[in-house]
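J.: I am attaching a structure below and will ask some questions about it afterwards.
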Amino acid sequence: MTQLAFTTSSERLPSYETHYTFTAAKYDECTWQRLLPDSLEGYRYHLAFELGCVEGFKTGYISVSKAGAAVCIAPIFITNYALDTTVQGRMKAITRRVSQWLPSLMTVRLLCVGSPVTDSAQIGFFKDQPLDAEMIRQLSEKLNEVADREGASVIAFKDVLAAETNQLQPLLEAQGYSCLDNMPVAKNSINFKDLDDYISTLSASTRKDLRRKLKKFDQLRIEEHDGLPPHLEQIYQLYLNCYEKSELKFERLTLAFFESLAGLMPMQCRFVLYYFEDKLIGFNCLLHGNGVLMDKYIGMDYLHSTQVNLYSLSWLYKIKMCIRDGFHTLQSGQAAYESKLSFGATLEQTHILFKHRNKLINPILKLAAHALAYGNFDPALKALNKKSK
């Protein structure tokens, strides 16, 4: 007689398993590609950030598996985060003073899903496995476990695009998370026959301004380098020039990051170098593939770059590259929205989903997050939001 074996609900194996690791290399590139197909900010990009050893950031990865196969990889980082990081203008002076008086009030230990160097969260989900409450519950539990280990009081999902927010928000709200608009991603659709055709689509004032600046194009010598470029140390100094001048500071990248990025992604990473009177005065670091040219980093010698209006001319050169090489999208990332909008970009909203692990403090964090949100301080976004109402 055949005996049937029964198991109680407490004996059943969990439908998901979660794991935490310190390196993207824990999972082979094929797994990353399956979960993040064709992403320019996937496996190798995360490895480059790891190898860059950026001060103040500890990286890791949480995977969720089902039947032994990974169905989710969530990059994470841990850092001490100043709540006024995205504040600009006069308000910044006030929050900086408060930070000096009460540093523990304005800085939190943050565990964040995402990466400091990606335009969006880049969470890898198996597309044939729909999100469900149990998967997200177990991911949330693992995040809580890592937060305990790292002493993090706040957990957040950073730069989640709208389509993913629609799926994640109701599931994460059940775990105590709130949702807030974050910095949008700027993109230009490229469907122009030439540069003049592109310029003709812009406002009259922008057309006039760009055509005036174009007269200085001949003063530049421009080089393109796929993979590792020459003069990397000079390039890095130009990057630092922009970093130090920027009011919005988060991660301070290292020379090792740029070297690792170029070495790991030689067929997808391009450096454009701009010379004026044989002097290197600027660069763009670009990622490209699958019809997208992604503008990641810029650096300038401000003394000379202003003489030739390098920011505008480098933008026009990127448009020319897109037309020449058949890219359908120029993705120029976050910040500098005023100029990007004037150059014809559209904005794709991102969101941050967050919670304080102390339920009593969580309502206060929600109020602070709304008050200090980037959109409250960027003039271009404020005008755009006012216009849309």
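Ordering of the structure tokens sets the chain letters (A, B, ...), residue numbers begin anew at 1 in every chain, and ligands are numbered from 1 in the order given.
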With the cut-off set at 12 Å and counting only C-alpha atoms, tabulate each residue of range 36-113 of chain A with an atom at most that distance from an atom of range 369-374 of chain A, showing the nearest atom pair and its distance in Å to one decimal, ordered by chain and increasing number, as a tab-separated table.

T.:
```
residue	atom	partner	partner_atom	distance
A:Ala82	CA	A:Leu372	CA	10.8
A:Leu83	CA	A:Leu372	CA	7.4
A:Asp84	CA	A:Leu372	CA	6.3
A:Thr85	CA	A:Leu372	CA	8.6
A:Thr86	CA	A:Tyr374	CA	5.0
A:Val87	CA	A:Tyr374	CA	6.1
A:Gln88	CA	A:Tyr374	CA	7.9
A:Gly89	CA	A:Tyr374	CA	11.2
A:Met91	CA	A:Leu372	CA	9.3
A:Lys92	CA	A:Leu372	CA	9.9
A:Ile94	CA	A:Leu372	CA	11.9
A:Thr95	CA	A:Leu372	CA	9.6
A:Met106	CA	A:Leu372	CA	11.0
```

J.: Please write the residues from the selection above to a file, keeping N, CA and C atoms, as a CSV table (one decimal), in the first residue's frame.

T.:
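Now in result.csv:
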```csv
chain,number,residue,atom,x,y,z
A,82,ALA,N,22.6,63.3,4.9
A,82,ALA,CA,22.1,64.6,5.4
A,82,ALA,C,20.7,64.8,4.8
A,83,LEU,N,19.7,65.1,5.7
A,83,LEU,CA,18.4,65.3,5.2
A,83,LEU,C,18.2,66.5,4.2
A,84,ASP,N,19.1,67.4,4.3
A,84,ASP,CA,19.1,68.6,3.5
A,84,ASP,C,19.9,68.5,2.2
A,85,THR,N,20.3,67.3,1.8
A,85,THR,CA,21.1,67.1,0.7
A,85,THR,C,20.6,67.7,-0.6
A,86,THR,N,19.3,67.7,-0.8
A,86,THR,CA,18.7,68.2,-2.0
A,86,THR,C,18.1,69.6,-1.8
A,87,VAL,N,18.4,70.2,-0.7
A,87,VAL,CA,17.9,71.6,-0.5
A,87,VAL,C,18.9,72.6,-1.2
A,88,GLN,N,18.3,73.6,-1.7
A,88,GLN,CA,19.1,74.6,-2.5
A,88,GLN,C,18.7,76.0,-2.0
A,89,GLY,N,19.6,77.0,-2.4
A,89,GLY,CA,19.2,78.4,-2.2
A,89,GLY,C,19.4,78.8,-0.7
A,91,MET,N,17.5,78.5,1.8
A,91,MET,CA,17.2,77.5,2.8
A,91,MET,C,18.4,76.6,3.2
A,92,LYS,N,19.3,76.4,2.3
A,92,LYS,CA,20.5,75.6,2.6
A,92,LYS,C,21.3,76.2,3.7
A,94,ILE,N,20.2,77.9,6.2
A,94,ILE,CA,19.5,77.6,7.4
A,94,ILE,C,19.7,76.2,7.9
A,95,THR,N,19.5,75.2,7.0
A,95,THR,CA,19.6,73.8,7.4
A,95,THR,C,21.1,73.5,7.7
A,106,MET,N,19.7,66.2,11.8
A,106,MET,CA,19.7,66.4,10.4
A,106,MET,C,20.4,65.3,9.6
```

J.: Taking the DSSP assignment computed from this structure's backbone, write out as a list in words all residues of range 247-291 of chain A that belong to helix (DSSP H, G or I).

T.: Leu255, Ala256, Phe257, Phe258, Glu259, Ser260, Leu261, Ala262, Gly263 and Leu264 of chain A

J.: Apply DSSP to the backbone of this structure and, from range 18-230 of chain A, keep only the residues in strand (DSSP E); write these as number ranges by chain.

T.: A: 18-21, 58-66, 69-82, 107-113, 124-125, 154-161, 178-181, 185-189, 220-226

J.: Using only C-alpha atoms, determine which residues lie at most 8 Å from range 22-32 of chain A, disregarding the query and same-chain residues fewer than 2 positions distant; provide the list as a VMD selection string.

T.: chain A and resid 20 34 to 37 42 to 43 46 to 47 50 59 to 61 70 73 124

J.: Hey, can you check how far CA of Thr21 in chain A sits from CA of Val113 in chain A?

T.: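 Taking CA of Thr21 in chain A as the start and CA of Val113 in chain A as the end point, the length is 13.6 Å.
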
J.: Range 193-197 of chain A: which residues within 8 Å, counting only C-alpha atoms, same-chain residues fewer than 5 positions away excluded, as a ChimeraX atom specification?

T.: /A:316,319-320,323

J.: Take the residues from that selection and write them out as a PDB file, in the first residue's frame, keeping C-alpha atoms.

T.:
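File produced: out.pdb:
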```pdb
ATOM      1  CA  LEU A 316      24.871  69.997 -29.348  1.00  0.00           C
ATOM      2  CA  ILE A 319      22.751  65.528 -30.275  1.00  0.00           C
ATOM      3  CA  LYS A 320      24.997  65.198 -33.347  1.00  0.00           C
ATOM      4  CA  ILE A 323      21.824  61.479 -35.097  1.00  0.00           C
TER       5      ILE A 323
END
```

J.: Neighbours of range 136-143 of chain A within 8 Å (only C-alpha atoms; same-chain residues fewer than 5 positions away dropped), as an mmCIF file with C-alpha atoms, in the first residue's frame?

T.:
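Saved file part_2.cif follows:
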```cif
data_model
loop_
_atom_site.group_PDB
_atom_site.id
_atom_site.type_symbol
_atom_site.label_atom_id
_atom_site.label_comp_id
_atom_site.auth_asym_id
_atom_site.auth_seq_id
_atom_site.Cartn_x
_atom_site.Cartn_y
_atom_site.Cartn_z
ATOM 1 C CA TYR A 16 10.976 32.588 -1.407
ATOM 2 C CA GLU A 17 14.478 32.714 0.012
ATOM 3 C CA THR A 18 16.476 35.897 0.559
ATOM 4 C CA HIS A 19 20.244 36.346 0.594
ATOM 5 C CA TYR A 20 22.580 39.262 1.287
ATOM 6 C CA ILE A 62 19.821 41.436 -1.640
ATOM 7 C CA VAL A 64 15.124 36.930 -3.635
ATOM 8 C CA LEU A 111 19.970 51.900 4.055
ATOM 9 C CA LEU A 131 5.468 41.026 -8.014
ATOM 10 C CA ILE A 155 15.201 52.471 4.799
ATOM 11 C CA LEU A 171 3.007 46.435 -1.528
ATOM 12 C CA LEU A 172 5.497 48.602 0.372
ATOM 13 C CA GLN A 175 5.249 47.394 5.191
#
```

J.: In terms of the shortest atom-to-atom distance over only C-alpha atoms, which of A:Tyr337, A:Tyr297, A:Phe217, A:Phe276 is closest to Ile235 in chain A?

T.: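 Of A:Tyr337, A:Tyr297, A:Phe217, A:Phe276, the one nearest Ile235 in chain A is A:Tyr297, counting only C-alpha atoms.
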
J.: Could you tell me which of A:Val54, A:Leu347, A:Leu286, A:Leu353 comes closest to Ala174 in chain A if we count only C-alpha atoms?

T.: A:Leu353

J.: Between A:Leu273, A:Leu248, A:Met183, A:Met135, which one has atoms that come closest to Asp119 in chain A, using only C-alpha atoms?

T.: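 Checking each of A:Leu273, A:Leu248, A:Met183, A:Met135 against Asp119 in chain A, counting only C-alpha atoms, the winner is A:Met183.
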
J.: Identify which of the residues A:Val146, A:Val160, A:Cys242, A:Cys269 lies closest to Ile298 in chain A, counting only C-alpha atoms when measuring atom-to-atom distances.

T.: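 Going through A:Val146, A:Val160, A:Cys242, A:Cys269 one by one, the smallest distance to Ile298 in chain A is for A:Cys242.
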
J.: Skipping near chain neighbours, those fewer than 6 positions away, what residues fall within 12 Å of Ser205 in chain A using only C-alpha atoms, listed as a list in words?

T.: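 Near neighbours after the sequence-gap exclusion: Ile199, Arg211, Arg212, Ser342 and Phe343 of chain A.
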
J.: Next, dump the selected residues to file, keeping only C-alpha atoms, as a PDB file, in the first residue's frame.

T.:
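Generated file (part.pdb):
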```
ATOM      1  CA  ILE A 199      17.489  73.401 -33.283  1.00  0.00           C
ATOM      2  CA  ARG A 211      23.094  79.577 -33.226  1.00  0.00           C
ATOM      3  CA  ARG A 212      25.169  82.372 -31.716  1.00  0.00           C
ATOM      4  CA  SER A 342      15.159  74.656 -22.744  1.00  0.00           C
ATOM      5  CA  PHE A 343      17.036  72.115 -24.907  1.00  0.00           C
TER       6      PHE A 343
END
```

J.: Expressed in Å to a single decimal, how great is the separation between CA of Arg44 in chain A and CA of Leu287 in chain A?

T.: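 Calculated distance between CA of Arg44 in chain A and CA of Leu287 in chain A is 11.8 Å.
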
J.: Pick from A:Met300, A:Met294, A:Leu202, A:Ile361: nearest to Leu238 in chain A, with only C-alpha atoms counted?

T.: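 Distance minimum relative to Leu238 in chain A lands on A:Met300.
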
J.: Do you know which residues are at most 8 Å from Gly333 in chain A counting only C-alpha atoms, after dropping those on the same chain fewer than 6 positions away, and could you put them as a ChimeraX atom specification?

T.: /A:119,184-187,294-296

J.: Would you mind telling me which residue in A:Ala67, A:Ala48, A:Leu240, A:Leu280 lies nearest to Glu259 in chain A when using only C-alpha atoms?

T.: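 Between A:Ala67, A:Ala48, A:Leu240, A:Leu280, the residue approaching Glu259 in chain A most closely is A:Ala48.
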
J.: Measure the distance from CA of Leu228 in chain A to CA of Ala262 in chain A in Å and round it to one decimal.

T.: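 Distance between the two atoms: 4.8 Å.
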